[in-house]
>>> print(open('input_29.tsv').read())   # TSV, C-alpha atoms and all ligand atoms
chain	number	residue	atom	x	y	z
R	1	MET	CA	-31.30	2.45	7.84
R	2	THR	CA	-33.83	4.38	5.74
R	3	ALA	CA	-33.87	2.61	2.43
R	4	GLY	CA	-34.46	4.17	-0.94
R	5	THR	CA	-34.41	7.83	0.05
R	6	SER	CA	-31.73	8.68	-2.45
R	7	LYS	CA	-32.38	8.34	-6.17
R	8	ASP	CA	-29.19	6.59	-7.15
R	9	THR	CA	-27.84	5.15	-3.91
R	10	PRO	CA	-30.45	3.16	-2.07
R	11	GLY	CA	-29.81	3.20	1.64
R	12	ALA	CA	-27.89	6.48	1.66
R	13	ARG	CA	-29.84	9.26	3.28
R	14	PRO	CA	-29.22	12.53	1.45
R	15	PRO	CA	-27.26	14.26	4.23
R	16	ALA	CA	-25.10	11.16	4.67
R	17	ARG	CA	-24.57	11.08	0.94
R	18	GLU	CA	-23.18	14.61	0.83
R	19	ALA	CA	-20.98	13.99	3.87
R	20	VAL	CA	-19.66	10.82	2.28
R	21	LYS	CA	-18.84	12.68	-0.93
R	22	ALA	CA	-17.07	15.41	1.02
R	23	ALA	CA	-14.99	12.81	2.88
R	24	LEU	CA	-14.15	10.94	-0.32
R	25	THR	CA	-12.89	14.17	-1.83
R	26	THR	CA	-10.10	14.15	0.77
R	27	GLN	CA	-8.96	10.59	0.05
R	28	ALA	CA	-5.72	9.85	-1.78
R	29	VAL	CA	-4.51	6.41	-2.86
R	30	GLU	CA	-0.80	6.04	-3.56
R	31	THR	CA	0.20	3.81	-6.45
R	32	PRO	CA	3.43	1.79	-6.44
R	33	SER	CA	5.96	2.34	-9.23
R	34	TRP	CA	6.65	-1.39	-9.40
R	35	ALA	CA	3.04	-2.20	-10.27
R	36	TYR	CA	3.59	-0.48	-13.64
R	37	GLY	CA	6.54	-2.74	-14.50
R	38	ASN	CA	6.65	-6.40	-15.36
R	39	SER	CA	6.28	-8.87	-12.53
R	40	GLY	CA	5.47	-12.51	-12.11
R	41	THR	CA	5.99	-15.51	-9.96
R	42	ARG	CA	9.14	-17.53	-9.54
R	43	PHE	CA	7.88	-19.66	-12.41
R	44	LYS	CA	7.50	-17.03	-15.10
R	45	VAL	CA	7.32	-13.33	-15.77
R	46	PHE	CA	4.99	-12.65	-18.70
R	47	ALA	CA	6.25	-9.43	-20.27
R	48	GLN	CA	3.63	-7.02	-21.54
R	49	PRO	CA	3.98	-4.65	-24.49
R	50	GLY	CA	4.11	-0.97	-23.57
R	51	VAL	CA	5.48	-1.50	-20.08
R	52	PRO	CA	7.63	1.45	-18.87
R	53	ARG	CA	11.37	1.26	-19.27
R	54	THR	CA	12.32	4.04	-16.87
R	55	PRO	CA	11.02	5.61	-13.67
R	56	PHE	CA	9.96	8.57	-15.83
R	57	GLU	CA	7.73	6.36	-17.95
R	58	LYS	CA	6.29	4.82	-14.79
R	59	LEU	CA	5.28	8.34	-13.75
R	60	ASP	CA	3.69	8.89	-17.18
R	61	ASP	CA	1.50	5.84	-16.54
R	62	ALA	CA	0.74	6.87	-12.97
R	63	ALA	CA	-0.42	10.23	-14.32
R	64	GLN	CA	-3.00	8.34	-16.38
R	65	VAL	CA	-4.32	6.61	-13.26
R	66	HIS	CA	-4.60	9.94	-11.51
R	67	ALA	CA	-6.15	11.65	-14.53
R	68	HIS	CA	-8.98	9.11	-14.69
R	69	THR	CA	-9.59	8.52	-10.98
R	70	GLY	CA	-8.72	11.93	-9.53
R	71	VAL	CA	-7.49	10.34	-6.31
R	72	ALA	CA	-4.02	8.93	-7.04
R	73	PRO	CA	-1.70	11.94	-6.87
R	74	THR	CA	1.37	10.22	-5.39
R	75	VAL	CA	3.63	7.42	-6.56
R	76	ALA	CA	5.78	5.27	-4.30
R	77	LEU	CA	9.33	4.59	-5.46
R	78	HIS	CA	11.38	1.47	-4.81
R	79	ILE	CA	15.13	1.94	-4.55
R	80	PRO	CA	17.19	0.76	-6.43
R	81	TRP	CA	14.49	-0.25	-8.96
R	82	ASP	CA	13.77	3.44	-9.51
R	83	ARG	CA	17.32	4.69	-9.27
R	84	VAL	CA	17.98	7.89	-11.26
R	85	ASP	CA	20.89	10.30	-11.30
R	86	ASP	CA	18.81	13.28	-10.28
R	87	TYR	CA	15.91	12.68	-7.88
R	88	ALA	CA	14.95	16.34	-7.78
R	89	ALA	CA	14.53	16.16	-11.56
R	90	LEU	CA	12.33	13.07	-11.15
R	91	ALA	CA	10.21	14.93	-8.59
R	92	ALA	CA	9.95	17.91	-10.96
R	93	TYR	CA	8.91	15.55	-13.78
R	94	ALA	CA	6.19	14.17	-11.49
R	95	GLU	CA	5.00	17.64	-10.63
R	96	GLU	CA	4.69	18.60	-14.29
R	97	ARG	CA	2.25	15.69	-14.57
R	98	GLY	CA	0.20	16.65	-11.53
R	99	LEU	CA	1.88	14.05	-9.33
R	100	ARG	CA	4.20	13.92	-6.33
R	101	ILE	CA	6.72	11.33	-5.27
R	102	GLY	CA	5.31	9.44	-2.32
R	103	THR	CA	6.84	6.82	-0.07
R	104	ILE	CA	10.40	5.71	-0.61
R	105	ASN	CA	10.58	1.92	-0.35
R	106	SER	CA	13.97	0.55	0.58
R	107	ASN	CA	15.26	-2.69	-0.84
R	108	VAL	CA	17.71	-4.74	1.19
R	109	PHE	CA	16.62	-8.08	-0.16
R	110	GLN	CA	18.05	-8.44	-3.65
R	111	ASP	CA	21.77	-8.51	-3.14
R	112	ASP	CA	23.89	-11.62	-2.76
R	113	ASP	CA	25.30	-10.18	0.46
R	114	TYR	CA	21.85	-10.45	2.04
R	115	LYS	CA	21.58	-14.24	1.89
R	116	LEU	CA	21.65	-14.47	5.69
R	117	GLY	CA	19.88	-11.19	6.25
R	118	SER	CA	20.46	-7.47	5.86
R	119	VAL	CA	20.21	-5.43	9.07
R	120	THR	CA	20.06	-8.62	11.15
R	121	ASN	CA	22.88	-10.41	9.32
R	122	PRO	CA	25.44	-11.97	11.68
R	123	ASP	CA	28.19	-10.17	9.70
R	124	PRO	CA	28.61	-6.53	10.79
R	125	VAL	CA	30.00	-5.60	7.35
R	126	VAL	CA	26.75	-6.65	5.69
R	127	ARG	CA	24.73	-4.88	8.38
R	128	ARG	CA	26.64	-1.67	7.72
R	129	LYS	CA	25.99	-1.97	3.99
R	130	ALA	CA	22.25	-2.44	4.60
R	131	VAL	CA	22.03	0.53	6.95
R	132	GLY	CA	23.97	2.57	4.40
R	133	HIS	CA	21.27	1.83	1.83
R	134	LEU	CA	18.54	2.87	4.24
R	135	LEU	CA	20.34	6.16	4.92
R	136	THR	CA	20.65	6.71	1.16
R	137	CYS	CA	16.88	6.32	1.00
R	138	VAL	CA	16.54	9.15	3.53
R	139	ASP	CA	18.74	11.30	1.28
R	140	ILE	CA	16.41	10.48	-1.60
R	141	MET	CA	13.41	11.48	0.53
R	142	GLU	CA	15.05	14.85	0.97
R	143	ALA	CA	15.57	15.26	-2.76
R	144	THR	CA	12.05	14.16	-3.68
R	145	GLY	CA	10.19	15.83	-0.81
R	146	SER	CA	8.84	12.47	0.39
R	147	ARG	CA	7.43	12.10	3.86
R	148	ASP	CA	7.66	8.36	4.42
R	149	LEU	CA	10.41	5.77	4.34
R	150	LYS	CA	9.02	2.26	4.12
R	151	LEU	CA	11.10	-0.53	5.58
R	152	TRP	CA	10.42	-4.12	4.75
R	153	PHE	CA	13.03	-6.69	5.67
R	154	SER	CA	13.19	-10.15	4.15
R	155	ASP	CA	15.45	-11.01	7.09
R	156	GLY	CA	14.87	-14.24	8.91
R	157	THR	CA	16.06	-17.81	9.24
R	158	ASN	CA	15.10	-21.04	7.55
R	159	TYR	CA	16.14	-23.51	10.23
R	160	PRO	CA	15.86	-23.68	14.01
R	161	GLY	CA	19.27	-22.94	15.45
R	162	GLN	CA	20.50	-21.20	12.29
R	163	ASP	CA	20.99	-17.94	14.19
R	164	ASP	CA	20.10	-16.46	17.53
R	165	LEU	CA	16.58	-15.03	17.42
R	166	ARG	CA	17.24	-12.55	20.23
R	167	ALA	CA	20.54	-11.31	18.79
R	168	ARG	CA	18.78	-10.65	15.49
R	169	GLN	CA	16.22	-8.49	17.30
R	170	ASP	CA	19.08	-6.54	18.92
R	171	ARG	CA	20.72	-5.96	15.54
R	172	LEU	CA	17.41	-4.88	14.06
R	173	ALA	CA	16.82	-2.42	16.90
R	174	GLU	CA	20.28	-0.94	16.44
R	175	ALA	CA	19.81	-0.44	12.69
R	176	LEU	CA	16.36	1.06	13.12
R	177	ARG	CA	17.72	3.49	15.72
R	178	THR	CA	20.47	4.68	13.36
R	179	VAL	CA	17.97	5.32	10.58
R	180	TYR	CA	15.38	6.86	12.90
R	181	ASP	CA	17.92	9.34	14.20
R	182	ARG	CA	18.72	10.39	10.64
R	183	LEU	CA	15.05	11.21	9.77
R	184	GLY	CA	14.35	14.87	9.15
R	185	ASP	CA	11.51	17.00	10.43
R	186	GLY	CA	8.26	15.78	8.97
R	187	HIS	CA	9.77	12.43	7.98
R	188	ARG	CA	8.33	9.15	9.15
R	189	MET	CA	9.55	5.58	9.15
R	190	LEU	CA	6.96	2.95	8.27
R	191	LEU	CA	7.89	-0.52	9.47
R	192	GLU	CA	6.24	-3.34	7.58
R	193	TYR	CA	5.82	-6.84	8.94
R	194	LYS	CA	5.33	-10.08	7.06
R	195	LEU	CA	4.59	-13.52	8.44
R	196	PHE	CA	6.90	-15.50	6.19
R	197	GLU	CA	8.66	-15.52	2.82
R	198	PRO	CA	11.42	-15.58	1.85
R	199	ALA	CA	12.37	-16.82	5.32
R	200	PHE	CA	10.41	-19.92	6.21
R	201	TYR	CA	11.23	-20.63	9.85
R	202	ALA	CA	11.43	-17.27	11.61
R	203	THR	CA	11.00	-13.87	10.04
R	204	ASP	CA	12.59	-11.06	12.05
R	205	VAL	CA	9.56	-8.75	11.74
R	206	PRO	CA	6.79	-11.34	11.39
R	207	ASP	CA	3.82	-9.55	12.92
R	208	TRP	CA	2.33	-6.25	14.01
R	209	GLY	CA	3.34	-6.85	17.63
R	210	THR	CA	7.04	-7.03	16.78
R	211	ALA	CA	6.78	-3.99	14.49
R	212	TYR	CA	4.83	-2.09	17.15
R	213	ALA	CA	7.34	-2.92	19.90
R	214	HIS	CA	10.21	-1.57	17.79
R	215	CYS	CA	8.24	1.54	16.80
R	216	LEU	CA	7.29	2.23	20.40
R	217	LYS	CA	10.93	2.22	21.46
R	218	LEU	CA	12.01	4.40	18.54
R	219	GLY	CA	9.56	7.26	18.95
R	220	PRO	CA	6.52	8.86	17.30
R	221	LYS	CA	8.01	9.06	13.81
R	222	ALA	CA	8.07	5.26	13.67
R	223	GLN	CA	4.77	3.81	12.56
R	224	VAL	CA	3.52	0.38	11.56
R	225	VAL	CA	2.38	-0.32	8.03
R	226	VAL	CA	-0.17	-3.04	7.42
R	227	ASP	CA	0.24	-4.96	4.17
R	228	THR	CA	-3.02	-6.85	3.81
R	229	GLY	CA	-1.25	-9.84	2.23
R	230	HIS	CA	1.20	-10.38	5.07
R	231	HIS	CA	-0.84	-12.39	7.57
R	232	ALA	CA	-1.80	-15.97	8.22
R	233	PRO	CA	-5.04	-16.97	6.49
R	234	GLY	CA	-8.05	-16.04	8.58
R	235	THR	CA	-6.28	-13.29	10.53
R	236	ASN	CA	-8.66	-10.56	11.65
R	237	ILE	CA	-6.81	-7.66	10.03
R	238	GLU	CA	-9.39	-5.06	11.01
R	239	PHE	CA	-8.71	-5.85	14.66
R	240	ILE	CA	-5.03	-5.09	14.10
R	241	VAL	CA	-6.01	-1.86	12.38
R	242	ALA	CA	-8.28	-0.86	15.26
R	243	THR	CA	-5.54	-1.62	17.79
R	244	LEU	CA	-2.80	0.28	15.96
R	245	LEU	CA	-5.09	3.26	15.54
R	246	ARG	CA	-5.94	3.23	19.24
R	247	GLU	CA	-2.23	3.30	19.98
R	248	GLY	CA	-1.53	6.04	17.44
R	249	ARG	CA	0.82	3.80	15.45
R	250	LEU	CA	-0.93	3.07	12.19
R	251	GLY	CA	1.21	4.72	9.54
R	252	GLY	CA	-0.52	3.29	6.53
R	253	PHE	CA	-1.48	0.37	4.38
R	254	ASP	CA	-0.08	-1.64	1.55
R	255	PHE	CA	-3.34	-2.77	-0.01
R	256	ASN	CA	-3.56	-5.90	-2.11
R	257	SER	CA	-5.61	-9.10	-2.18
R	258	ARG	CA	-4.66	-12.63	-1.41
R	259	PHE	CA	-6.27	-16.01	-1.68
R	260	TYR	CA	-3.35	-17.99	-0.25
R	261	ALA	CA	-0.18	-16.15	0.77
R	262	ASP	CA	1.30	-12.82	-0.34
R	263	ASP	CA	-0.50	-12.99	-3.68
R	264	ASP	CA	-0.32	-9.24	-4.38
R	265	LEU	CA	-3.52	-9.30	-6.43
R	266	MET	CA	-5.66	-6.22	-7.01
R	267	ALA	CA	-6.92	-4.65	-3.79
R	268	GLY	CA	-10.51	-5.61	-3.05
R	269	ALA	CA	-10.58	-8.35	-5.68
R	270	ALA	CA	-10.39	-11.42	-3.45
R	271	ASP	CA	-12.34	-10.17	-0.46
R	272	PRO	CA	-14.16	-6.85	-0.82
R	273	PHE	CA	-15.90	-7.48	2.50
R	274	GLN	CA	-12.56	-7.62	4.30
R	275	LEU	CA	-11.49	-4.35	2.68
R	276	PHE	CA	-14.77	-2.80	3.83
R	277	ARG	CA	-14.26	-4.06	7.38
R	278	ILE	CA	-10.75	-2.62	7.41
R	279	MET	CA	-11.95	0.73	6.07
R	280	TYR	CA	-14.77	0.74	8.61
R	281	GLU	CA	-12.22	0.46	11.44
R	282	VAL	CA	-10.17	3.23	9.82
R	283	VAL	CA	-13.18	5.53	9.79
R	284	ARG	CA	-14.31	4.41	13.25
R	285	GLY	CA	-10.83	4.96	14.70
R	286	GLY	CA	-10.35	8.44	13.24
R	287	GLY	CA	-7.78	7.14	10.76
R	288	PHE	CA	-9.29	8.75	7.73
R	289	THR	CA	-6.63	11.46	7.73
R	290	PRO	CA	-3.39	12.08	5.80
R	291	ASP	CA	-1.54	10.49	8.74
R	292	VAL	CA	-2.66	7.12	7.46
R	293	ALA	CA	-1.23	6.46	4.00
R	294	PHE	CA	-3.46	4.43	1.70
R	295	MET	CA	-0.93	2.76	-0.56
R	296	LEU	CA	-1.25	-0.07	-3.02
R	297	ASP	CA	1.40	-2.78	-3.10
R	298	GLN	CA	0.53	-5.20	-5.82
R	299	CYS	CA	1.81	-6.91	-8.92
R	300	HIS	CA	-0.11	-7.42	-12.13
R	301	ASN	CA	1.22	-10.64	-13.56
R	302	ILE	CA	-1.42	-11.48	-16.15
R	303	GLU	CA	-3.70	-8.44	-16.31
R	304	ALA	CA	-2.97	-5.14	-18.05
R	305	LYS	CA	-1.22	-2.94	-15.54
R	306	ILE	CA	-2.68	0.55	-15.80
R	307	PRO	CA	-6.34	-0.55	-15.85
R	308	ALA	CA	-5.61	-3.00	-13.03
R	309	ILE	CA	-4.29	-0.14	-10.94
R	310	ILE	CA	-7.31	2.00	-11.84
R	311	ARG	CA	-9.55	-0.89	-10.77
R	312	SER	CA	-7.67	-1.24	-7.48
R	313	VAL	CA	-7.95	2.46	-6.72
R	314	MET	CA	-11.69	2.26	-7.42
R	315	ASN	CA	-12.03	-0.79	-5.18
R	316	VAL	CA	-10.38	1.09	-2.30
R	317	GLN	CA	-12.69	4.04	-2.96
R	318	GLU	CA	-15.77	1.81	-3.01
R	319	ALA	CA	-14.83	0.13	0.27
R	320	THR	CA	-14.20	3.56	1.78
R	321	ALA	CA	-17.53	4.92	0.58
R	322	LYS	CA	-19.35	1.95	2.10
R	323	ALA	CA	-17.46	2.36	5.37
R	324	LEU	CA	-18.39	6.03	5.45
R	325	LEU	CA	-22.03	5.10	4.88
R	326	VAL	CA	-22.32	3.04	8.07
R	327	ASP	CA	-25.04	4.61	10.15
R	328	ALA	CA	-22.96	5.17	13.28
R	329	GLU	CA	-25.92	6.30	15.33
R	330	ALA	CA	-28.04	3.25	14.54
R	331	LEU	CA	-25.06	0.98	15.04
R	332	GLY	CA	-24.18	2.47	18.41
R	333	GLU	CA	-27.77	2.21	19.57
R	334	ALA	CA	-28.03	-1.43	18.56
R	335	GLN	CA	-24.71	-2.20	20.19
R	336	ARG	CA	-25.72	-0.52	23.44
R	337	ASP	CA	-28.99	-2.46	23.39
R	338	GLY	CA	-27.08	-5.69	22.85
R	339	ASP	CA	-29.13	-6.16	19.70
R	340	VAL	CA	-26.76	-8.41	17.82
R	341	LEU	CA	-28.75	-8.83	14.65
R	342	THR	CA	-29.67	-5.17	14.23
R	343	ALA	CA	-26.06	-4.13	14.80
R	344	HIS	CA	-24.81	-6.63	12.25
R	345	GLY	CA	-27.61	-5.58	9.91
R	346	VAL	CA	-26.57	-1.91	10.07
R	347	LEU	CA	-23.06	-2.82	9.01
R	348	MET	CA	-24.30	-5.10	6.24
R	349	ASP	CA	-26.69	-2.40	4.97
R	350	ALA	CA	-23.70	-0.19	4.31
R	351	PHE	CA	-21.66	-2.98	2.77
R	352	ASN	CA	-24.52	-3.96	0.49
R	353	THR	CA	-25.10	-0.43	-0.74
R	354	ASP	CA	-24.21	0.06	-4.37
R	355	VAL	CA	-21.91	3.08	-4.11
R	356	ARG	CA	-20.96	3.14	-7.78
R	357	PRO	CA	-23.55	5.78	-8.72
R	358	LEU	CA	-22.38	7.99	-5.85
R	359	LEU	CA	-18.76	7.68	-6.95
R	360	GLY	CA	-19.71	8.28	-10.57
R	361	ALA	CA	-21.56	11.45	-9.58
R	362	LEU	CA	-18.57	12.57	-7.53
R	363	ARG	CA	-16.21	12.07	-10.47
R	364	GLU	CA	-18.54	14.10	-12.66
R	365	GLU	CA	-18.40	16.89	-10.09
R	366	TRP	CA	-14.62	16.75	-10.44
R	367	GLY	CA	-14.95	17.01	-14.22
R	368	LEU	CA	-14.01	13.36	-14.79
R	369	ASP	CA	-15.69	10.53	-16.60
R	370	PRO	CA	-17.87	8.59	-14.14
R	371	ASP	CA	-16.33	5.36	-15.42
R	372	PRO	CA	-12.52	5.54	-15.18
R	373	MET	CA	-12.03	2.08	-16.71
R	374	ALA	CA	-13.99	3.00	-19.83
R	375	ALA	CA	-12.35	6.42	-20.00
R	376	TYR	CA	-8.89	4.83	-19.93
R	377	ARG	CA	-9.85	2.34	-22.63
R	378	ARG	CA	-11.09	5.17	-24.84
R	379	SER	CA	-8.09	7.41	-24.14
R	380	GLY	CA	-5.78	5.63	-26.59
R	381	TRP	CA	-2.93	5.68	-24.03
R	382	GLN	CA	-2.52	1.92	-24.09
R	383	GLU	CA	-2.17	1.80	-27.88
R	384	ARG	CA	0.24	4.72	-27.74
R	385	ILE	CA	2.63	3.17	-25.22
R	386	VAL	CA	2.56	-0.16	-27.04
R	387	LYS	CA	3.58	1.65	-30.22
R	388	GLU	CA	6.09	4.06	-28.71
R	389	ARG	CA	7.86	1.99	-26.07
R	390	VAL	CA	9.85	-0.20	-28.36
R	391	GLY	CA	13.42	-1.18	-27.54
R	392	GLY	CA	15.18	-0.56	-24.30
R	393	GLU	CA	14.72	-2.70	-21.23
R	394	GLN	CA	11.33	-3.02	-19.66
R	395	ALA	CA	11.06	-2.31	-15.95
R	396	GLY	CA	10.50	-5.24	-13.68
R	397	TRP	CA	11.78	-6.81	-10.52
R	398	GLY	CA	15.31	-5.60	-10.08
R	399	ALA	CA	14.96	-2.81	-12.65
R	401	LIG	C1	7.21	-7.48	0.54
R	401	LIG	O1	6.49	-8.59	0.14
R	401	LIG	C2	6.55	-6.19	0.09
R	401	LIG	O2	5.21	-6.20	0.45
R	401	LIG	C3	7.21	-4.96	0.63
R	401	LIG	O3	6.28	-3.93	0.83
R	401	LIG	C4	8.06	-4.55	-0.47
R	401	LIG	O4	8.47	-3.26	-0.40
R	401	LIG	C5	7.12	-4.84	-1.62
R	401	LIG	O5	6.64	-6.11	-1.30
R	401	LIG	C6	7.76	-4.87	-2.93
R	401	LIG	O6	8.86	-5.73	-2.88
R	402	MN	MN	4.13	-4.38	1.07
>>> encode(input="input_29.tsv", output="structure tokens", more="lines below")
Ligand code: PSV
Ligand code: MN
Amino acid sequence: MTAGTSKDTPGARPPAREAVKAALTTQAVETPSWAYGNSGTRFKVFAQPGVPRTPFEKLDDAAQVHAHTGVAPTVALHIPWDRVDDYAALAAYAEERGLRIGTINSNVFQDDDYKLGSVTNPDPVVRRKAVGHLLTCVDIMEATGSRDLKLWFSDGTNYPGQDDLRARQDRLAEALRTVYDRLGDGHRMLLEYKLFEPAFYATDVPDWGTAYAHCLKLGPKAQVVVDTGHHAPGTNIEFIVATLLREGRLGGFDFNSRFYADDDLMAGAADPFQLFRIMYEVVRGGGFTPDVAFMLDQCHNIEAKIPAIIRSVMNVQEATAKALLVDAEALGEAQRDGDVLTAHGVLMDAFNTDVRPLLGALREEWGLDPDPMAAYRRSGWQERIVKERVGGEQAGWGA
């Protein structure tokens, strides 16, 4: 790589720099409504002053994230946490603030009936109830103009022999088919997998292979979503990303960071190199298109929520910029030559590039402050919500 040819981004050759900026202009990062509410661990939820009390207030906060970053125009909802009487009115409220409602996340994990599972429950009455909720989510997509329905199932078993593993797969397939057939034109179903938790012996959709097999049977509207916190430690997530892209089944990401399990920390905080490697495979595999949804799925237990989401969006942007900076020509040449160290070096050159000046310049071109964190701090929004959002019930898990 030619080093130092650009004033503020060493390593980025000027033409590459402009191409990278053009590509970054097309990127959108979806923020999750639940990240604006209170969350915690099973030990304690530390409430924060100013946290939204309604889905409308969550959108007000999301509008701040978008206003300062310029790349977060959609907000994912979680039903029933974001239940309102009039979803079209919620969508209109979003639009007035320059936002759109994004993915509809279903929730079949917080009802007493789901103790032994939702769509895989041995009891057909419970299964019908769960499928009914998923169909309601499709109705909501119609009212909000959402494209994607995200399905994550906590279903699984805690003990060997507790239930029949194969029968549970059959029940899952049947439920997915019913929902798939109800999807409208332009709708997609994103099936999320998770290794464990809350089930500790066998989760019914534990890995990308299981999710992929179900999606393949269902049809092209069924896509796999990769939550970066849902794998065993050490899993090569970028390989999964490359494989799903090759097969045309990568619907999107739930980005977050983990040190141990499904920690849901800020994206790019624990392992920025992993996020870069993932984004490199996205770029390499032609996944840098609206067909791959870049969503955040995280919880801010101890840090202030809005700035944490701004930071996460910026971390995704930085990883993307670095991935876009990889000198594909030099890398391909080194790979063809079997030149291990040069090939690795090309990748590391991009990763080690400080892309913050490039992103700052891009934001200035968009008429934004180059430093979204500082701009938010100065905006007075935090003080305002702390003062104004008094009384009522703060949003959080289950609200
Ligand atoms: C499950 O851990 C998950 O990642 C799913 O995406 C849910 O929708 C989300 O968390 C919020 O519960
Ligand atoms: Mn998730």
>>> closest_residue(input="input_29.tsv", among="R:Asp181, R:Asp204, R:Asp111, R:Asp297", to="Phe253 (chain R)", atoms="all atoms listed in the file")
R:Asp297
>>> residues_around(input="input_29.tsv", residues="region 256-263 of chain R", least_positions_apart="2", cutoff="8 Å", atoms="all atoms listed in the file", output="ChimeraX atom specification")
/R:227-233,254,265-271,296-298
>>> closest_residue(input="input_29.tsv", among="R:Leu218, R:Leu135, R:Leu77, R:Ala22", to="Ala35 (chain R)", atoms="all atoms listed in the file")
R:Leu77
>>> closest_residue(input="input_29.tsv", among="R:Pro32, R:Phe351, R:Asn38, R:Lys115", to="Arg127 (chain R)", atoms="only C-alpha atoms")
R:Lys115
>>> closest_residue(input="input_29.tsv", among="R:Ala304, R:Ala88, R:Met295, R:Ala374", to="ligand MN 402 (chain R)", atoms="all atoms listed in the file")
R:Met295
>>> residues_around(input="input_29.tsv", residues="region 194-201 of chain R", least_positions_apart="4", cutoff="8 Å", atoms="only C-alpha atoms", output="ChimeraX atom specification")
/R:154-160,205-207,227,230-232
>>> atom_distance(input="input_29.tsv", atom1="CA of Gly209 (chain R)", atom2="CA of Thr120 (chain R)")
18.0 Å
>>> residues_near_point(input="input_29.tsv", point="(11.2, -3.4, 6.4)", cutoff="6 Å", atoms="all atoms listed in the file", output="PyMOL selection string")
chain R and resi 151-153+191-192
>>> residues_around(input="input_29.tsv", residues="Gly287 (chain R)", least_positions_apart="4", cutoff="12 Å", atoms="only C-alpha atoms", output="ChimeraX atom specification")
/R:27,241-253,278-283,291-294,320,324
>>> atom_distance(input="input_29.tsv", atom1="CA of Val225 (chain R)", atom2="CA of Val20 (chain R)")
25.4 Å
>>> atom_distance(input="input_29.tsv", atom1="CA of Asp61 (chain R)", atom2="atom O4 of ligand LIG 401 (chain R)")
19.8 Å
>>> closest_residue(input="input_29.tsv", among="R:Asn121, R:Gln382, R:Gln48, R:Thr103", to="ligand LIG 401 (chain R)", atoms="only C-alpha atoms and all ligand atoms")
R:Thr103
>>> closest_residue(input="input_29.tsv", among="R:Lys150, R:Arg83, R:Lys322, R:Lys58", to="ligand LIG 401 (chain R)", atoms="only C-alpha atoms and all ligand atoms")
R:Lys150
>>> decode(input="input_29.tsv", residues="region 109-135 of chain R", atoms="C-alpha atoms", output="short mmCIF file (atom, residue, chain, number, x, y, z; two decimals), in the first residue's frame")
data_model
loop_
_atom_site.label_atom_id
_atom_site.label_comp_id
_atom_site.auth_asym_id
_atom_site.auth_seq_id
_atom_site.Cartn_x
_atom_site.Cartn_y
_atom_site.Cartn_z
CA PHE R 109 -40.08 -15.55 24.96
CA GLN R 110 -41.63 -13.52 27.75
CA ASP R 111 -44.92 -15.20 28.43
CA ASP R 112 -45.53 -17.87 31.05
CA ASP R 113 -47.02 -20.08 28.34
CA TYR R 114 -43.61 -20.29 26.68
CA LYS R 115 -41.84 -22.09 29.52
CA LEU R 116 -41.37 -25.19 27.37
CA GLY R 117 -41.03 -23.28 24.13
CA SER R 118 -43.11 -21.20 21.75
CA VAL R 119 -43.34 -22.52 18.19
CA THR R 120 -41.67 -25.78 19.23
CA ASN R 121 -43.71 -26.26 22.41
CA PRO R 122 -45.13 -29.79 22.76
CA ASP R 123 -48.58 -28.23 23.35
CA PRO R 124 -50.32 -27.28 20.08
CA VAL R 125 -52.35 -24.58 21.86
CA VAL R 126 -49.17 -22.75 22.85
CA ARG R 127 -47.75 -23.22 19.36
CA ARG R 128 -50.86 -21.64 17.86
CA LYS R 129 -50.58 -18.69 20.23
CA ALA R 130 -46.92 -18.14 19.25
CA VAL R 131 -47.66 -18.33 15.53
CA GLY R 132 -50.54 -15.90 16.09
CA HIS R 133 -48.09 -13.40 17.54
CA LEU R 134 -45.76 -13.79 14.58
CA LEU R 135 -48.65 -13.18 12.18
#
